[in-house]
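Heads up: the structure comes next, in structure tokens.
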Amino acid sequence: MSIDKLHRYLFDNADVRGEMVQLQDSYQQIIHAHTYPKALQLLLGELMAATSLLTATLKFSGDIAVQIQGNGPVSLAVINSNDKQQHRGVARWEGNIADDASLSDMFGKGYVVITLTPTDGERYQGVVELNKPTLAECIEAYFMQSEQLPTHLWLFADGKQAGGMFLQVLPASGNNVKSDDDFDHLTQLTHTIKPEELFGLPATEVLHRLYHQEQVRLFDPVDVSFKCSCSKERTGQALLSLPQTEVEAMLADLGEIRMGCEYCNTHYKFDSIDVAALFAHAHTSNTVQ
């Protein structure tokens, strides 16, 4: 049975909400799509856990993208997800990356960009500088900037599993001293979490170890999965953006055109019959319109 699940919980005696995510299979599918250096494997695990936790805070159906951009050896790391907790991700890098490379080592001067795209409604994008030692601290800064709510994240990855925890003062509590005190107290308790506990124990046991003196209400878990939206049809749309004569010239030189998905590393092959059908369908559709 897959352990890839997101758990939401509330504290009955405090205006604080919590989340916990445990990832294995979905994380492995992302990092095995390419031969990533170890430091990037760990970062993608933390980024995936963070995205899952952020997705759970959405109040709408739609998509979320959490990406890091920089001018260092790693130019991009991104996880895309949706309200169904379906994830895909990729990173781009050049040269050698040390196993113990820090965020600044990998990205140089950079930014964390969080993009929310509702199915219905306007797109929102938030940007924070990559000026903290950890990804968790950078995302905490995003929440203080965008929502001005005390928020804390714990993110872990070891190349095999990834996970994270999330605490946030409930929006309805406002500027409440008791809420702040409760949040500080629960933050101190959560700081004691160990990666091996998060990776190896059921959610109920993790929460009991952390909050056994608190009144915790745990909701039904949500499955987290890897899902790439690529297909041969979608990939073919990229060919349609080129002049037909140019595509036919490529076919004449190569015999076939191969195109790959950056996220899942699936490759699609287009021969002369595929290309002819692709452009014929496009011409027919344009004529009908």
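In the structure tokens, chains take letters A, B, ... by order of appearance, with residues numbered from 1 within each chain and ligands from 1 in the order shown.
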Review point. Leaving out Leu254 in chain A and any residue of its chain fewer than 4 positions from it, which residues lie within 12 Å of it when counting only C-alpha atoms, given as a ChimeraX atom specification?
Key: /A:247-250,258,269-272
Using only N, CA and C atoms, please write the residues we just selected to a file, as an mmCIF file, in the first residue's frame.
data_model
loop_
_atom_site.group_PDB
_atom_site.id
_atom_site.type_symbol
_atom_site.label_atom_id
_atom_site.label_comp_id
_atom_site.auth_asym_id
_atom_site.auth_seq_id
_atom_site.Cartn_x
_atom_site.Cartn_y
_atom_site.Cartn_z
ATOM 1 N N VAL A 247 9.083 21.624 -40.890
ATOM 2 C CA VAL A 247 8.926 20.299 -40.298
ATOM 3 C C VAL A 247 9.230 19.222 -41.342
ATOM 4 N N GLU A 248 8.758 19.419 -42.554
ATOM 5 C CA GLU A 248 9.018 18.435 -43.606
ATOM 6 C C GLU A 248 10.501 18.377 -43.954
ATOM 7 N N ALA A 249 11.195 19.501 -43.859
ATOM 8 C CA ALA A 249 12.636 19.517 -44.099
ATOM 9 C C ALA A 249 13.371 18.731 -43.014
ATOM 10 N N MET A 250 12.909 18.872 -41.767
ATOM 11 C CA MET A 250 13.500 18.107 -40.672
ATOM 12 C C MET A 250 13.302 16.611 -40.910
ATOM 13 N N ARG A 258 11.900 13.109 -33.160
ATOM 14 C CA ARG A 258 11.695 12.635 -31.790
ATOM 15 C C ARG A 258 11.596 13.824 -30.847
ATOM 16 N N LYS A 269 7.654 9.757 -31.052
ATOM 17 C CA LYS A 269 8.240 9.700 -32.387
ATOM 18 C C LYS A 269 7.192 10.084 -33.423
ATOM 19 N N PHE A 270 7.584 10.955 -34.348
ATOM 20 C CA PHE A 270 6.702 11.384 -35.432
ATOM 21 C C PHE A 270 7.374 11.067 -36.766
ATOM 22 N N ASP A 271 6.714 10.210 -37.570
ATOM 23 C CA ASP A 271 7.231 9.934 -38.911
ATOM 24 C C ASP A 271 6.447 10.763 -39.927
ATOM 25 N N SER A 272 6.698 10.525 -41.196
ATOM 26 C CA SER A 272 6.054 11.335 -42.241
ATOM 27 C C SER A 272 4.530 11.191 -42.224
#
**Study point:** Test item, strand (DSSP E) assignment across range 178-262 of chain A, answer as a ChimeraX atom specification
**Key:** /A:216-218,222-223,225-226,257-260
Practice item. Rank A:Tyr36, A:Ile31, A:Leu130, A:Leu240 by their smallest atom-to-atom distance to Arg92 in chain A, using only C-alpha atoms, and report the top residue only. Key: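 Closest to Arg92 in chain A, using only C-alpha atoms: A:Tyr36.
CA of Ser26 in chain A is found 4.7 Å from CA of Phe226 in chain A.
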**Study point:** Sel. of alpha helix (DSSP H) residues, range 35-229 of chain A, as a PyMOL selection string
**Key:** chain A and resi 38-55+103-107+135-146+177-190+195-200+203-211
Hey, can you spit out that residue selection with C-alpha atoms as a tab-separated table (two decimals), in the first residue's frame?
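Full text of result.tsv as output:
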chain	number	residue	atom	x	y	z
A	38	LYS	CA	22.17	14.06	-5.03
A	39	ALA	CA	21.65	17.64	-3.83
A	40	LEU	CA	19.01	18.18	-6.51
A	41	GLN	CA	17.26	14.92	-5.62
A	42	LEU	CA	16.95	16.13	-2.04
A	43	LEU	CA	15.82	19.59	-3.08
A	44	LEU	CA	13.12	18.19	-5.39
A	45	GLY	CA	11.88	16.05	-2.49
A	46	GLU	CA	11.61	19.10	-0.23
A	47	LEU	CA	10.02	21.11	-3.03
A	48	MET	CA	7.46	18.37	-3.69
A	49	ALA	CA	6.58	18.12	0.02
A	50	ALA	CA	6.23	21.90	0.22
A	51	THR	CA	4.01	22.01	-2.86
A	52	SER	CA	1.77	19.28	-1.48
A	53	LEU	CA	1.38	21.17	1.80
A	54	LEU	CA	0.63	24.43	-0.03
A	55	THR	CA	-1.85	22.71	-2.36
A	103	LEU	CA	20.50	26.68	-1.94
A	104	SER	CA	22.85	29.58	-2.66
A	105	ASP	CA	25.48	27.19	-4.04
A	106	MET	CA	22.94	25.77	-6.47
A	107	PHE	CA	20.94	28.85	-7.45
A	135	LEU	CA	13.53	26.28	1.32
A	136	ALA	CA	11.20	26.01	4.31
A	137	GLU	CA	12.27	29.44	5.58
A	138	CYS	CA	11.82	31.00	2.13
A	139	ILE	CA	8.24	29.68	1.90
A	140	GLU	CA	7.51	30.88	5.43
A	141	ALA	CA	8.57	34.34	4.24
A	142	TYR	CA	6.12	33.99	1.34
A	143	PHE	CA	3.25	33.35	3.76
A	144	MET	CA	4.19	36.31	5.94
A	145	GLN	CA	4.33	38.49	2.82
A	146	SER	CA	1.15	37.24	1.12
A	177	VAL	CA	-2.33	36.77	21.71
A	178	LYS	CA	-3.59	33.35	22.77
A	179	SER	CA	-3.36	32.12	19.17
A	180	ASP	CA	0.23	33.32	18.97
A	181	ASP	CA	1.08	31.61	22.25
A	182	ASP	CA	-0.60	28.40	21.11
A	183	PHE	CA	1.24	28.57	17.79
A	184	ASP	CA	4.60	29.05	19.51
A	185	HIS	CA	3.90	26.12	21.83
A	186	LEU	CA	2.85	23.80	18.99
A	187	THR	CA	5.82	24.93	16.90
A	188	GLN	CA	8.19	23.93	19.70
A	189	LEU	CA	6.55	20.51	19.87
A	190	THR	CA	6.76	20.03	16.10
A	195	PRO	CA	13.03	12.53	9.59
A	196	GLU	CA	13.06	8.82	10.42
A	197	GLU	CA	9.80	9.23	12.35
A	198	LEU	CA	8.12	11.04	9.49
A	199	PHE	CA	9.38	8.49	6.95
A	200	GLY	CA	8.76	5.35	8.99
A	203	ALA	CA	0.49	9.46	10.63
A	204	THR	CA	-1.50	8.66	13.76
A	205	GLU	CA	1.63	7.62	15.61
A	206	VAL	CA	3.61	10.67	14.45
A	207	LEU	CA	0.86	12.99	15.68
A	208	HIS	CA	0.55	11.12	18.97
A	209	ARG	CA	4.29	11.40	19.61
A	210	LEU	CA	4.29	15.10	18.89
A	211	TYR	CA	0.99	16.19	20.42
Exercise for review: Write out as a list in words the residues lying within 7 Å of Leu10 in chain A, counting only C-alpha atoms and excluding same-chain residues fewer than 6 positions away.
Suggested key: Val16, Arg17, Gly18, Val216, Arg217 and Leu218 of chain A
Practice item. Using CA of Gln125 in chain A and CA of Ala157 in chain A as the two end points, give the distance in Å to one decimal. Key: 26.3 Å
Practice item. Would you mind listing what lies within 7 Å of Gly164 in chain A as a ChimeraX atom specification, with only C-alpha atoms counted and same-chain residues fewer than 3 positions away left out? Key: /A:20-22,49-50,154-156
Point to revise | Ile79 in chain A environment, 7 Å, only C-alpha atoms, sequence neighbours closer than 2 positions dropped, as a PyMOL selection string | key: chain A and resi 47-48+51+65-67+81+87-90
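Using only C-alpha atoms for every distance, the candidate list A:Glu246, A:Glu233, A:Asp253, A:Asp120 yields A:Glu233 as the residue closest to Leu278 in chain A.
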Point to revise | For Thr192 in chain A, the nearest of the candidates A:Asn96, A:Met165, A:Ile3, A:Glu256, counting only C-alpha atoms | key: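 Counting only C-alpha atoms, the residue closest to Thr192 in chain A is A:Met165.
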Point to revise | Using only C-alpha atoms: which of A:Ser225, A:Gln28, A:Gln213, A:Ser102 has the shortest distance to Gly72 in chain A | key: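 Under the stated criterion, the closest residue is A:Ser102.
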Point to revise | Which of A:Glu147, A:Asp99, A:Glu94, A:Asp220 sits closest to Glu19 in chain A [using only C-alpha atoms] | key: A:Asp220
Practice item. Write out as a VMD selection string the residues lying within 6 Å of Gln24 in chain A, counting only C-alpha atoms and excluding same-chain residues fewer than 2 positions away. Key: chain A and resid 4 26 to 27 161
